[in-house]
Structures are given as structure tokens and as C-alpha cells.
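> Coordinates in protein_28.cif, mmCIF, C-alpha atoms and all ligand atoms, are listed below.
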```cif
data_model
#
loop_
_atom_site.group_PDB
_atom_site.id
_atom_site.type_symbol
_atom_site.label_atom_id
_atom_site.label_comp_id
_atom_site.auth_asym_id
_atom_site.auth_seq_id
_atom_site.Cartn_x
_atom_site.Cartn_y
_atom_site.Cartn_z
ATOM 1 C CA ALA H 1 -24.554 14.668 7.549
ATOM 2 C CA PRO H 2 -24.211 14.071 3.839
ATOM 3 C CA GLY H 3 -21.208 15.875 2.449
ATOM 4 C CA ALA H 4 -19.406 15.920 5.794
ATOM 5 C CA HIS H 5 -16.569 13.472 6.221
ATOM 6 C CA LEU H 6 -14.943 12.245 9.404
ATOM 7 C CA ILE H 7 -11.743 10.276 8.840
ATOM 8 C CA GLY H 8 -9.388 8.665 11.367
ATOM 9 C CA LEU H 9 -5.789 7.523 11.229
ATOM 10 C CA ILE H 10 -5.104 4.483 13.427
ATOM 11 C CA GLY H 11 -1.532 3.573 14.333
ATOM 12 C CA ALA H 12 1.067 3.760 17.079
ATOM 13 C CA GLY H 13 3.158 6.922 17.352
ATOM 14 C CA ILE H 14 1.488 8.742 14.453
ATOM 15 C CA GLY H 15 1.987 12.246 15.857
ATOM 16 C CA PRO H 16 4.409 13.313 13.097
ATOM 17 C CA SER H 17 2.160 12.003 10.285
ATOM 18 C CA LEU H 18 1.534 14.539 7.529
ATOM 19 C CA SER H 19 -1.709 12.827 6.474
ATOM 20 C CA PRO H 20 -4.083 14.989 8.560
ATOM 21 C CA ALA H 21 -2.711 18.221 7.079
ATOM 22 C CA LEU H 22 -2.505 16.805 3.565
ATOM 23 C CA HIS H 23 -6.103 15.541 3.558
ATOM 24 C CA GLU H 24 -7.665 18.523 5.308
ATOM 25 C CA ARG H 25 -5.943 21.136 3.126
ATOM 26 C CA GLU H 26 -7.129 19.388 -0.016
ATOM 27 C CA ALA H 27 -10.669 19.130 1.358
ATOM 28 C CA ASP H 28 -10.589 22.859 2.210
ATOM 29 C CA ALA H 29 -9.463 23.656 -1.312
ATOM 30 C CA LEU H 30 -12.358 21.580 -2.682
ATOM 31 C CA GLY H 31 -14.880 23.162 -0.299
ATOM 32 C CA LEU H 32 -15.615 19.854 1.447
ATOM 33 C CA ARG H 33 -16.399 19.498 5.132
ATOM 34 C CA TYR H 34 -13.711 17.087 6.198
ATOM 35 C CA GLN H 35 -12.071 16.276 9.524
ATOM 36 C CA TYR H 36 -9.078 13.970 9.735
ATOM 37 C CA ARG H 37 -8.271 12.816 13.271
ATOM 38 C CA ARG H 38 -5.365 10.895 14.743
ATOM 39 C CA LEU H 39 -6.436 7.827 16.736
ATOM 40 C CA ASP H 40 -3.042 6.981 18.237
ATOM 41 C CA LEU H 41 -2.931 3.656 20.063
ATOM 42 C CA LEU H 42 -0.185 5.060 22.309
ATOM 43 C CA ASP H 43 -2.309 8.069 23.345
ATOM 44 C CA LEU H 44 -5.356 5.872 23.810
ATOM 45 C CA GLY H 45 -3.308 3.476 25.933
ATOM 46 C CA ILE H 46 -4.506 0.407 24.027
ATOM 47 C CA GLY H 47 -2.613 -2.302 22.175
ATOM 48 C CA PRO H 48 -2.959 -3.403 18.552
ATOM 49 C CA GLU H 49 -5.126 -6.323 19.661
ATOM 50 C CA ARG H 50 -7.898 -3.783 20.309
ATOM 51 C CA ILE H 51 -8.073 -2.758 16.643
ATOM 52 C CA GLY H 52 -11.444 -4.505 16.300
ATOM 53 C CA ASP H 53 -12.920 -2.421 19.128
ATOM 54 C CA LEU H 54 -11.556 0.789 17.650
ATOM 55 C CA LEU H 55 -12.898 -0.077 14.216
ATOM 56 C CA ALA H 56 -16.351 -0.838 15.663
ATOM 57 C CA ALA H 57 -16.307 2.438 17.598
ATOM 58 C CA ALA H 58 -15.380 4.425 14.488
ATOM 59 C CA ARG H 59 -18.129 2.743 12.487
ATOM 60 C CA LEU H 60 -20.721 3.386 15.207
ATOM 61 C CA THR H 61 -19.762 7.013 15.626
ATOM 62 C CA GLY H 62 -20.174 7.843 11.969
ATOM 63 C CA TYR H 63 -16.663 7.839 10.584
ATOM 64 C CA THR H 64 -16.538 7.783 6.794
ATOM 65 C CA GLY H 65 -13.396 5.706 6.838
ATOM 66 C CA LEU H 66 -9.945 5.183 8.263
ATOM 67 C CA ASN H 67 -6.336 5.119 7.286
ATOM 68 C CA VAL H 68 -4.521 2.336 9.082
ATOM 69 C CA THR H 69 -0.782 2.118 9.640
ATOM 70 C CA HIS H 70 1.876 0.315 11.675
ATOM 71 C CA PRO H 71 1.275 -1.923 13.644
ATOM 72 C CA VAL H 72 -2.289 -2.755 12.570
ATOM 73 C CA LYS H 73 -2.213 -2.992 8.764
ATOM 74 C CA GLN H 74 -2.482 -6.778 8.939
ATOM 75 C CA ALA H 75 -4.463 -7.160 12.172
ATOM 76 C CA VAL H 76 -7.318 -4.988 10.877
ATOM 77 C CA ILE H 77 -8.178 -7.494 8.148
ATOM 78 C CA ALA H 78 -9.892 -9.949 10.498
ATOM 79 C CA HIS H 79 -12.466 -7.233 11.283
ATOM 80 C CA LEU H 80 -13.399 -6.242 7.732
ATOM 81 C CA ASP H 81 -16.307 -7.435 5.590
ATOM 82 C CA ALA H 82 -14.550 -7.290 2.234
ATOM 83 C CA LEU H 83 -11.147 -6.620 0.713
ATOM 84 C CA ALA H 84 -10.151 -5.019 -2.558
ATOM 85 C CA GLU H 85 -8.034 -7.315 -4.686
ATOM 86 C CA GLU H 86 -4.648 -5.728 -3.957
ATOM 87 C CA ALA H 87 -5.326 -5.709 -0.211
ATOM 88 C CA ALA H 88 -6.258 -9.400 -0.327
ATOM 89 C CA VAL H 89 -3.132 -10.327 -2.303
ATOM 90 C CA LEU H 90 -0.888 -8.280 -0.011
ATOM 91 C CA GLY H 91 -2.593 -9.258 3.218
ATOM 92 C CA ALA H 92 -2.316 -5.613 4.280
ATOM 93 C CA VAL H 93 -4.792 -2.729 4.430
ATOM 94 C CA ASN H 94 -4.034 0.978 4.767
ATOM 95 C CA THR H 95 -7.514 2.326 3.985
ATOM 96 C CA VAL H 96 -10.895 1.267 5.354
ATOM 97 C CA LEU H 97 -14.123 2.588 3.920
ATOM 98 C CA PHE H 98 -17.448 2.204 5.748
ATOM 99 C CA LYS H 99 -20.101 1.887 3.093
ATOM 100 C CA GLY H 100 -23.564 0.404 2.982
ATOM 101 C CA GLY H 101 -23.109 -1.136 6.429
ATOM 102 C CA ARG H 102 -19.872 -2.834 5.380
ATOM 103 C CA ALA H 103 -16.216 -2.170 6.178
ATOM 104 C CA ILE H 104 -14.071 -2.583 3.064
ATOM 105 C CA GLY H 105 -10.265 -2.711 3.071
ATOM 106 C CA TYR H 106 -7.988 -1.235 0.389
ATOM 107 C CA ASN H 107 -4.260 -0.806 -0.040
ATOM 108 C CA THR H 108 -3.387 2.520 -1.612
ATOM 109 C CA ASP H 109 0.354 2.151 -0.875
ATOM 110 C CA ALA H 110 0.444 -0.183 -3.880
ATOM 111 C CA SER H 111 -1.521 2.122 -6.194
ATOM 112 C CA GLY H 112 0.443 5.081 -4.795
ATOM 113 C CA PHE H 113 3.800 3.594 -5.725
ATOM 114 C CA ALA H 114 2.471 2.531 -9.136
ATOM 115 C CA ARG H 115 1.414 6.089 -9.964
ATOM 116 C CA SER H 116 4.656 7.512 -8.581
ATOM 117 C CA ALA H 117 6.749 5.128 -10.678
ATOM 118 C CA MET H 118 4.713 5.693 -13.845
ATOM 119 C CA GLY H 119 5.372 9.413 -13.531
ATOM 120 C CA GLY H 120 8.850 9.532 -11.995
ATOM 121 C CA LEU H 121 10.361 6.548 -13.789
ATOM 122 C CA ALA H 122 8.541 6.870 -17.108
ATOM 123 C CA GLY H 123 10.419 4.998 -19.805
ATOM 124 C CA ALA H 124 12.816 3.304 -17.375
ATOM 125 C CA ALA H 125 13.609 -0.367 -17.992
ATOM 126 C CA LEU H 126 11.586 -2.699 -15.776
ATOM 127 C CA ASP H 127 12.861 -6.047 -17.007
ATOM 128 C CA ARG H 128 14.620 -6.923 -13.747
ATOM 129 C CA VAL H 129 13.937 -5.023 -10.547
ATOM 130 C CA VAL H 130 15.262 -5.685 -7.048
ATOM 131 C CA VAL H 131 13.165 -4.703 -4.015
ATOM 132 C CA LEU H 132 15.112 -4.559 -0.745
ATOM 133 C CA GLY H 133 12.709 -5.065 2.166
ATOM 134 C CA ALA H 134 9.659 -7.335 2.210
ATOM 135 C CA GLY H 135 7.599 -5.529 4.858
ATOM 136 C CA GLY H 136 4.455 -3.535 4.216
ATOM 137 C CA ALA H 137 6.172 -1.030 1.931
ATOM 138 C CA GLY H 138 8.179 -3.639 0.027
ATOM 139 C CA ALA H 139 5.061 -5.746 -0.522
ATOM 140 C CA ALA H 140 3.119 -2.779 -1.893
ATOM 141 C CA VAL H 141 6.027 -1.815 -4.155
ATOM 142 C CA ALA H 142 6.479 -5.342 -5.493
ATOM 143 C CA HIS H 143 2.735 -5.609 -6.214
ATOM 144 C CA ALA H 144 2.790 -2.250 -7.957
ATOM 145 C CA LEU H 145 5.831 -3.130 -10.087
ATOM 146 C CA LEU H 146 4.260 -6.365 -11.273
ATOM 147 C CA GLY H 147 1.028 -4.535 -11.945
ATOM 148 C CA ILE H 148 2.715 -1.929 -14.165
ATOM 149 C CA GLY H 149 4.541 -4.581 -16.168
ATOM 150 C CA ALA H 150 7.881 -5.351 -14.530
ATOM 151 C CA GLY H 151 9.337 -8.471 -16.100
ATOM 152 C CA HIS H 152 10.824 -9.908 -12.932
ATOM 153 C CA VAL H 153 10.916 -8.697 -9.328
ATOM 154 C CA LEU H 154 13.375 -10.101 -6.803
ATOM 155 C CA VAL H 155 12.502 -9.373 -3.155
ATOM 156 C CA LEU H 156 15.324 -9.506 -0.608
ATOM 157 C CA ASP H 157 15.052 -9.211 3.157
ATOM 158 C CA LEU H 158 17.122 -9.936 6.269
ATOM 159 C CA ASP H 159 14.111 -12.078 7.162
ATOM 160 C CA THR H 160 14.359 -14.578 4.300
ATOM 161 C CA ASP H 161 11.110 -16.297 5.253
ATOM 162 C CA ARG H 162 9.245 -13.014 5.047
ATOM 163 C CA ALA H 163 10.598 -12.411 1.549
ATOM 164 C CA ALA H 164 9.674 -15.972 0.525
ATOM 165 C CA ARG H 165 6.113 -15.609 1.826
ATOM 166 C CA LEU H 166 5.674 -12.383 -0.120
ATOM 167 C CA ALA H 167 7.044 -13.942 -3.308
ATOM 168 C CA ASP H 168 4.674 -16.861 -2.816
ATOM 169 C CA ALA H 169 1.609 -14.628 -2.439
ATOM 170 C CA LEU H 170 2.513 -12.404 -5.388
ATOM 171 C CA GLY H 171 3.582 -15.368 -7.518
ATOM 172 C CA ALA H 172 0.179 -16.989 -7.093
ATOM 173 C CA HIS H 173 -1.417 -13.801 -8.413
ATOM 174 C CA PHE H 174 1.016 -12.557 -11.076
ATOM 175 C CA GLY H 175 2.807 -15.763 -12.115
ATOM 176 C CA ARG H 176 5.609 -17.595 -10.346
ATOM 177 C CA ASP H 177 8.132 -16.902 -13.103
ATOM 178 C CA ARG H 178 7.842 -13.149 -12.441
ATOM 179 C CA ILE H 179 8.918 -13.038 -8.802
ATOM 180 C CA GLY H 180 11.668 -14.489 -6.648
ATOM 181 C CA SER H 181 13.044 -13.959 -3.158
ATOM 182 C CA GLY H 182 16.295 -14.231 -1.279
ATOM 183 C CA PRO H 183 18.379 -13.089 1.677
ATOM 184 C CA ALA H 184 19.617 -9.530 2.060
ATOM 185 C CA ASP H 185 23.209 -10.591 1.430
ATOM 186 C CA ALA H 186 22.276 -11.524 -2.147
ATOM 187 C CA LEU H 187 21.948 -7.787 -2.871
ATOM 188 C CA ALA H 188 25.279 -7.203 -4.670
ATOM 189 C CA GLY H 189 24.785 -10.047 -7.142
ATOM 190 C CA ALA H 190 21.147 -9.163 -7.705
ATOM 191 C CA VAL H 191 21.786 -5.466 -8.328
ATOM 192 C CA ALA H 192 24.591 -6.273 -10.770
ATOM 193 C CA GLY H 193 22.043 -7.812 -13.119
ATOM 194 C CA ALA H 194 19.148 -5.423 -12.461
ATOM 195 C CA ASP H 195 17.682 -2.394 -14.248
ATOM 196 C CA GLY H 196 16.449 -0.844 -11.049
ATOM 197 C CA LEU H 197 16.449 -1.062 -7.272
ATOM 198 C CA VAL H 198 13.729 -0.050 -4.833
ATOM 199 C CA HIS H 199 14.807 0.450 -1.258
ATOM 200 C CA ALA H 200 11.938 -0.494 1.098
ATOM 201 C CA THR H 201 13.485 -0.913 4.554
ATOM 202 C CA PRO H 202 13.333 1.731 7.316
ATOM 203 C CA THR H 203 17.070 2.483 6.867
ATOM 204 C CA GLY H 204 17.647 6.155 6.162
ATOM 205 C CA MET H 205 14.898 7.402 8.484
ATOM 206 C CA ALA H 206 16.044 9.658 11.318
ATOM 207 C CA ALA H 207 15.698 6.753 13.744
ATOM 208 C CA HIS H 208 17.612 4.385 11.426
ATOM 209 C CA PRO H 209 20.346 6.488 9.813
ATOM 210 C CA GLY H 210 22.623 5.219 7.077
ATOM 211 C CA SER H 211 22.007 3.277 3.907
ATOM 212 C CA ALA H 212 21.227 -0.412 3.424
ATOM 213 C CA VAL H 213 22.813 -0.276 -0.030
ATOM 214 C CA PRO H 214 26.624 -0.081 -0.329
ATOM 215 C CA SER H 215 27.513 2.831 -2.628
ATOM 216 C CA GLY H 216 29.811 0.584 -4.635
ATOM 217 C CA LEU H 217 26.736 -1.195 -6.067
ATOM 218 C CA LEU H 218 25.408 1.993 -7.674
ATOM 219 C CA ARG H 219 26.116 2.682 -11.346
ATOM 220 C CA PRO H 220 24.744 5.193 -13.868
ATOM 221 C CA ASP H 221 22.519 2.712 -15.734
ATOM 222 C CA LEU H 222 20.739 1.602 -12.535
ATOM 223 C CA TRP H 223 17.656 3.524 -11.424
ATOM 224 C CA VAL H 224 17.042 3.794 -7.687
ATOM 225 C CA ALA H 225 13.713 4.392 -5.967
ATOM 226 C CA GLU H 226 13.290 5.071 -2.266
ATOM 227 C CA VAL H 227 10.207 4.485 -0.101
ATOM 228 C CA VAL H 228 11.522 6.390 2.908
ATOM 229 C CA TYR H 229 10.211 9.973 2.758
ATOM 230 C CA PHE H 230 11.136 11.302 6.182
ATOM 231 C CA PRO H 231 13.654 12.674 5.307
ATOM 232 C CA LEU H 232 12.971 12.966 1.601
ATOM 233 C CA GLU H 233 16.669 12.998 0.737
ATOM 234 C CA THR H 234 18.161 9.844 2.275
ATOM 235 C CA ALA H 235 21.803 8.822 2.298
ATOM 236 C CA LEU H 236 20.927 6.288 -0.412
ATOM 237 C CA LEU H 237 19.408 8.910 -2.716
ATOM 238 C CA THR H 238 22.375 11.235 -2.236
ATOM 239 C CA ALA H 239 24.777 8.406 -3.109
ATOM 240 C CA ALA H 240 22.646 7.326 -6.067
ATOM 241 C CA ARG H 241 22.562 10.860 -7.503
ATOM 242 C CA ALA H 242 26.341 11.104 -7.043
ATOM 243 C CA ALA H 243 26.730 7.796 -8.926
ATOM 244 C CA GLY H 244 24.663 9.165 -11.824
ATOM 245 C CA CYS H 245 21.566 7.015 -11.208
ATOM 246 C CA ARG H 246 18.076 8.125 -12.170
ATOM 247 C CA VAL H 247 16.290 8.449 -8.804
ATOM 248 C CA LEU H 248 12.755 8.576 -7.397
ATOM 249 C CA ASP H 249 12.171 9.703 -3.826
ATOM 250 C CA GLY H 250 9.478 8.355 -1.472
ATOM 251 C CA GLY H 251 7.426 11.550 -1.385
ATOM 252 C CA ARG H 252 5.238 10.916 -4.403
ATOM 253 C CA MET H 253 4.277 7.450 -3.176
ATOM 254 C CA ALA H 254 3.215 9.031 0.119
ATOM 255 C CA VAL H 255 1.176 11.734 -1.619
ATOM 256 C CA TYR H 256 -0.449 9.427 -4.170
ATOM 257 C CA GLN H 257 -1.524 6.946 -1.476
ATOM 258 C CA ALA H 258 -3.240 9.911 0.182
ATOM 259 C CA VAL H 259 -4.767 10.927 -3.180
ATOM 260 C CA ASP H 260 -6.216 7.441 -3.633
ATOM 261 C CA SER H 261 -7.508 7.242 -0.045
ATOM 262 C CA PHE H 262 -9.088 10.690 -0.334
ATOM 263 C CA ARG H 263 -10.924 9.620 -3.507
ATOM 264 C CA LEU H 264 -12.205 6.476 -1.763
ATOM 265 C CA PHE H 265 -13.387 8.464 1.274
ATOM 266 C CA THR H 266 -15.098 11.305 -0.574
ATOM 267 C CA GLY H 267 -15.932 9.995 -4.033
ATOM 268 C CA THR H 268 -14.354 13.249 -5.228
ATOM 269 C CA GLU H 269 -11.190 13.386 -7.332
ATOM 270 C CA PRO H 270 -8.577 15.396 -5.450
ATOM 271 C CA ASP H 271 -6.090 17.609 -7.281
ATOM 272 C CA ALA H 272 -2.959 15.444 -7.067
ATOM 273 C CA ASP H 273 -0.609 18.233 -8.179
ATOM 274 C CA ARG H 274 -1.999 20.553 -5.512
ATOM 275 C CA MET H 275 -1.524 17.794 -2.907
ATOM 276 C CA LEU H 276 2.093 17.374 -4.094
ATOM 277 C CA ARG H 277 2.623 21.111 -3.612
ATOM 278 C CA HIS H 278 1.040 20.976 -0.143
ATOM 279 C CA PHE H 279 3.336 18.075 0.726
ATOM 280 C CA ASP H 280 6.402 20.076 -0.366
ATOM 281 C CA GLU H 281 5.315 22.917 1.919
ATOM 282 C CA LEU H 282 4.793 20.690 4.969
HETATM 283 P P1 LIG B 301 8.349 -3.112 7.998
HETATM 284 O O1 LIG B 301 8.961 -3.090 9.360
HETATM 285 O O2 LIG B 301 7.012 -3.710 7.766
HETATM 286 O O3 LIG B 301 9.342 -3.860 6.988
HETATM 287 C C1 LIG B 301 10.696 -3.544 6.871
HETATM 288 C C2 LIG B 301 11.417 -4.799 6.374
HETATM 289 O O4 LIG B 301 12.766 -4.448 6.063
HETATM 290 C C3 LIG B 301 11.494 -5.922 7.400
HETATM 291 O O5 LIG B 301 10.997 -7.104 6.819
HETATM 292 C C4 LIG B 301 12.982 -6.007 7.742
HETATM 293 O O6 LIG B 301 13.410 -7.346 8.012
HETATM 294 C C5 LIG B 301 13.609 -5.498 6.487
HETATM 295 N N1 LIG B 301 14.938 -4.938 6.643
HETATM 296 C C6 LIG B 301 15.387 -4.053 7.569
HETATM 297 N N2 LIG B 301 16.666 -3.731 7.325
HETATM 298 C C7 LIG B 301 17.055 -4.426 6.244
HETATM 299 C C8 LIG B 301 18.262 -4.515 5.499
HETATM 300 N N3 LIG B 301 19.345 -3.813 5.854
HETATM 301 N N4 LIG B 301 18.298 -5.331 4.425
HETATM 302 C C9 LIG B 301 17.212 -6.045 4.064
HETATM 303 N N5 LIG B 301 16.034 -6.009 4.712
HETATM 304 C C10 LIG B 301 15.969 -5.208 5.798
HETATM 305 O O7 LIG B 301 8.362 -1.592 7.523
HETATM 306 P P2 LIG B 301 7.478 -0.955 6.348
HETATM 307 O O8 LIG B 301 6.128 -0.673 6.866
HETATM 308 O O9 LIG B 301 7.630 -1.787 5.151
HETATM 309 O O10 LIG B 301 8.190 0.442 6.165
HETATM 310 C C11 LIG B 301 9.492 0.555 5.599
HETATM 311 C C12 LIG B 301 9.763 2.006 5.272
HETATM 312 O O11 LIG B 301 8.873 2.412 4.238
HETATM 313 C C13 LIG B 301 9.536 2.979 6.416
HETATM 314 O O12 LIG B 301 10.569 3.927 6.394
HETATM 315 C C14 LIG B 301 8.225 3.636 6.073
HETATM 316 O O13 LIG B 301 8.133 4.951 6.576
HETATM 317 C C15 LIG B 301 8.287 3.649 4.571
HETATM 318 N N6 LIG B 301 6.989 3.730 3.898
HETATM 319 C C16 LIG B 301 6.825 4.693 2.968
HETATM 320 C C17 LIG B 301 5.622 4.795 2.281
HETATM 321 C C18 LIG B 301 5.449 5.885 1.285
HETATM 322 O O14 LIG B 301 4.305 6.164 0.932
HETATM 323 N N7 LIG B 301 6.505 6.484 0.773
HETATM 324 C C19 LIG B 301 4.585 3.889 2.542
HETATM 325 C C20 LIG B 301 4.789 2.894 3.489
HETATM 326 C C21 LIG B 301 6.000 2.829 4.169
#
```
Mind converting the file's structure to C-alpha cells?
Ligand code: NAD

Amino acid sequence: APGAHLIGLIGAGIGPSLSPALHEREADALGLRYQYRRLDLLDLGIGPERIGDLLAAARLTGYTGLNVTHPVKQAVIAHLDALAEEAAVLGAVNTVLFKGGRAIGYNTDASGFARSAMGGLAGAALDRVVVLGAGGAGAAVAHALLGIGAGHVLVLDLDTDRAARLADALGAHFGRDRIGSGPADALAGAVAGADGLVHATPTGMAAHPGSAVPSGLLRPDLWVAEVVYFPLETALLTAARAAGCRVLDGGRMAVYQAVDSFRLFTGTEPDADRMLRHFDEL
């Protein structure tokens, strides 16, 4: 029915995701009829190769749209009719909107980090930024940084080829002189000459404790942003605060990607500050 929205989250092991609560509470506050369901590949007993079937089923059964997460952010693309620019450049989709008989892919991780950085790092130098981790999060962050005017972004990853492929894709879009790539062990030298560092590997999550950044690299004139948001306060952020760095946690990126997805799904502007407060309560 018009005005009623059915949204799904597709991924593997998404039980702990805060997205359902975040979206539904905001819809309640706005007086919208809105249901946000988990479609967990593990519960459904199907593999990521069945993403096309799941997408077709959601479209047929009247879903408004989907959020898509690990491990199907790339695989979903083959089943879409159109891609927003940032999703095409990144080769990754986290939001699918069914509209006018078409399935359109977006990437609100990129816009989410951009908004988070513009608020939480306002006025910070962006001449040289290092992004550690070239996976889905690192790609979105690097795209966002270039989009908000970073002079140069260096992407480092244990998987050097992955970092090089990302730099190649972003370089074609934003200019090859604005992005470079390298191995993870180039971190110390890179950070020494950087204004800021974004950590975009899974290190620091409960399942991957620790920090991928040696504390000795942190200094007061370096800002440090984190993409991990579960927990919000990672070992890296604690060390960065202790070293006197300006810091940005991963929470705002997570909330703003939900803000941008919600707007795409409903055509209604959510109250981002209210969603930030909801997130803090969850
Ligand atoms: P991913 O598996 O796609 O990519 C992680 C990358 O990090 C891989 O390429 C891996 O080789 C690299 N890596 C791992 N350890 C490394 C190290 N020590 N040094 C250098 N590179 C290393 O994962 P992802 O989807 O990019 O997610 C990464 C993290 O970002 C997760 O914790 C995820 O929860 C978080 N995330 C947060 C948001 C948000 O909104 N805040 C959004 C997306 C992802």
C-alpha cells in the first residue's frame, strides 16, 4: 500500500545489526508504516550465490528496497538495472531501491562517511590522508575523502593488489595524482607525512581485538578516524586520544549511512540528530 514500506537487510550473520531498530524507531517517530526485516543468508540456509534469487523474491513480494552487507555487496551488482555513480565507481552496493520496475544500487557508506567527516573533522587538514584497509569500508572512505576535497589519499592493505585495484578505480574517477596505494607495512612512513589516518580494517572488533596501528605512530597533530563501531571505543581510538589526536569514531558513519538509505527508501528526510540519539541508546 502507498505509504507502507517493507525493507530487508541481506547479509550473513546480521543478527546483531542495529539497522532494524534504527530504521524502525525513526519511522515510528515520523509516523510512517515501516517494517525492516533481517534476511540472513545463514538462517535461510543459502549461499551468497543465491543473492539474485533473494533479490527477485524481495522485488516480487513488494519490498520497497534492501540494505545489503557482507558478503553480497559486490555480488548483488550483477542483478541490478542501474547503479548510482558512487556505487559504480566503488563496485559495491549497500542499498537497493525498487522503483518504477527497476532495481537501483547505491552506496551510502561513502556518503555516510563524508557527512560524518564534514561534521566530526570540520576544519581538519585533508592534504594527505592515509586509509588503512581497502575493503568495502576503506573503499567507501577513500571515495568520500576524495569527494570532500582531500588532496591525496594513500590506501594501504595487507592485500596489496586489492589496494592497487581500488586506487586504480578511484584514480580513473578523481584523478590519478590524487590517490596511491601500497602494502600495509608502508604504514609508519606514510603516517609520518600525513595529516590524518582512517582505520578501515576489522581490527578492534570483538572478534578481532587489538589495533592495526602501532601507538608509536600517533602524534598530536595527526587526526585519527575509525570505521569500526562495535565497539565504538576501539583500542586505536583510546591510544589516539591518549596521544592527543583529534578523533572520529565509526558511529556517525554507521548512522549517516542509515540516514541516507532511509531517505532513499521513503523519500522522507529523517531526523539525523534523533537517529544519532537512538544509536547512542542502542
Ligand atoms: P573487508 O573484509 O571488506 O576489508 C577489510 C580489509 O582490511 C581487507 O582488504 C584486509 O586485507 C584488510 N586488512 C585486515 N587487516 C589489516 C591490517 N592489519 N593492515 C592492513 N590491512 C588489513 O571488511 P569491510 O567490509 O571493509 O569492513 C571493515 C570494518 O569496517 C568492519 O569492522 C566493519 O564493521 C566496518 N564498517 C563500518 C561501517 C560504518 O558505517 N562505520 C561501514 C562499513 C564497514
> Running the PyMOL selection byres (((chain H and resi 3-18) around 10) and not hetatm) on this model by hand, what would come out? Give it as JSON, numbers by chain.
{"H": [1, 2, 19, 20, 21, 22, 23, 24, 27, 32, 33, 34, 35, 36, 37, 38, 39, 40, 41, 42, 43, 44, 45, 46, 47, 48, 51, 54, 55, 58, 61, 62, 63, 64, 65, 66, 67, 68, 69, 70, 71, 72, 73, 94, 95, 96, 97, 230, 254, 255, 258, 262, 265, 266, 279, 282]}
> Output as JSON lines one row per residue of range 38-153 of chain H within 12 Å of range 233-250 of chain H: the closest atom pair and its distance in Å to one decimal place, counting only C-alpha atoms, sorted by chain and residue number ascending.

```
{"residue": "H:Asp109", "atom": "CA", "partner": "H:Gly250", "partner_atom": "CA", "distance": 11.0}
{"residue": "H:Gly112", "atom": "CA", "partner": "H:Gly250", "partner_atom": "CA", "distance": 10.2}
{"residue": "H:Phe113", "atom": "CA", "partner": "H:Gly250", "partner_atom": "CA", "distance": 8.5}
{"residue": "H:Ala114", "atom": "CA", "partner": "H:Gly250", "partner_atom": "CA", "distance": 11.9}
{"residue": "H:Arg115", "atom": "CA", "partner": "H:Leu248", "partner_atom": "CA", "distance": 11.9}
{"residue": "H:Ser116", "atom": "CA", "partner": "H:Leu248", "partner_atom": "CA", "distance": 8.3}
{"residue": "H:Ala117", "atom": "CA", "partner": "H:Leu248", "partner_atom": "CA", "distance": 7.7}
{"residue": "H:Met118", "atom": "CA", "partner": "H:Leu248", "partner_atom": "CA", "distance": 10.7}
{"residue": "H:Gly119", "atom": "CA", "partner": "H:Leu248", "partner_atom": "CA", "distance": 9.6}
{"residue": "H:Gly120", "atom": "CA", "partner": "H:Leu248", "partner_atom": "CA", "distance": 6.1}
{"residue": "H:Leu121", "atom": "CA", "partner": "H:Leu248", "partner_atom": "CA", "distance": 7.1}
{"residue": "H:Ala122", "atom": "CA", "partner": "H:Leu248", "partner_atom": "CA", "distance": 10.7}
{"residue": "H:Gly123", "atom": "CA", "partner": "H:Arg246", "partner_atom": "CA", "distance": 11.3}
{"residue": "H:Ala124", "atom": "CA", "partner": "H:Arg246", "partner_atom": "CA", "distance": 8.8}
{"residue": "H:Ala125", "atom": "CA", "partner": "H:Arg246", "partner_atom": "CA", "distance": 11.2}
{"residue": "H:Ala137", "atom": "CA", "partner": "H:Gly250", "partner_atom": "CA", "distance": 10.5}
{"residue": "H:Val141", "atom": "CA", "partner": "H:Gly250", "partner_atom": "CA", "distance": 11.1}
```
> For the provided coordinates, the residues matched by the PyMOL selection byres (((chain H and resi 129) around 12) and not hetatm) should be stated as a PyMOL selection string.
chain H and resi 124-128+130-132+141-142+144-146+149-156+178-181+187+190-199+222-225
> Pick out the residues no farther than 6 Å from ligand LIG 301 (chain B), counting all atoms listed in the file, and list them as a PyMOL selection string.
chain H and resi 109+132-138+157-159+184+200-202+205+212+227-229+250-251+253-254
> From the set H:Val89, H:Ala140, H:Arg219, H:Arg59, which residue has the shortest atom-to-atom contact distance to His173 in chain H, counting only C-alpha atoms?
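Smallest distance to His173 in chain H is found for H:Val89.
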> Work out how far CA of Glu85 in chain H is from CA of Leu166 in chain H, in Å to one decimal.
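Distance reported for this atom pair: 15.3 Å.
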> What is the distance, in Å and to one decimal place, between CA of Leu83 in chain H and CA of Met275 in chain H?
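CA of Met275 in chain H lies 26.5 Å from CA of Leu83 in chain H.
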> In Å, rounded to a single decimal, give me how far CA of Ala139 in chain H is from CA of Glu26 in chain H.
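CA of Ala139 in chain H lies 27.9 Å from CA of Glu26 in chain H.
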> Find the residue from H:Ile104, H:Ala110, H:Ala88, H:Ala188 that sits nearest to Gln257 in chain H; use only C-alpha atoms when measuring.
H:Ala110
> Please write out, as JSON, where the centre of an axis-aligned box around all listed atoms of range 4-12 of chain H lies and how long its edges are, in Å to one decimal, after adding 8 Å on each side.

```
{"center_x": -9.2, "center_y": 9.7, "center_z": 11.4, "size_x": 36.5, "size_y": 28.3, "size_z": 27.3}
```
> In terms of the shortest atom-to-atom distance over all atoms listed in the file, which of H:Gly91, H:Pro209, H:Gly105, H:Gly216 is closest to Pro231 in chain H?
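Checking each candidate against Pro231 in chain H, we get H:Pro209 as the closest.
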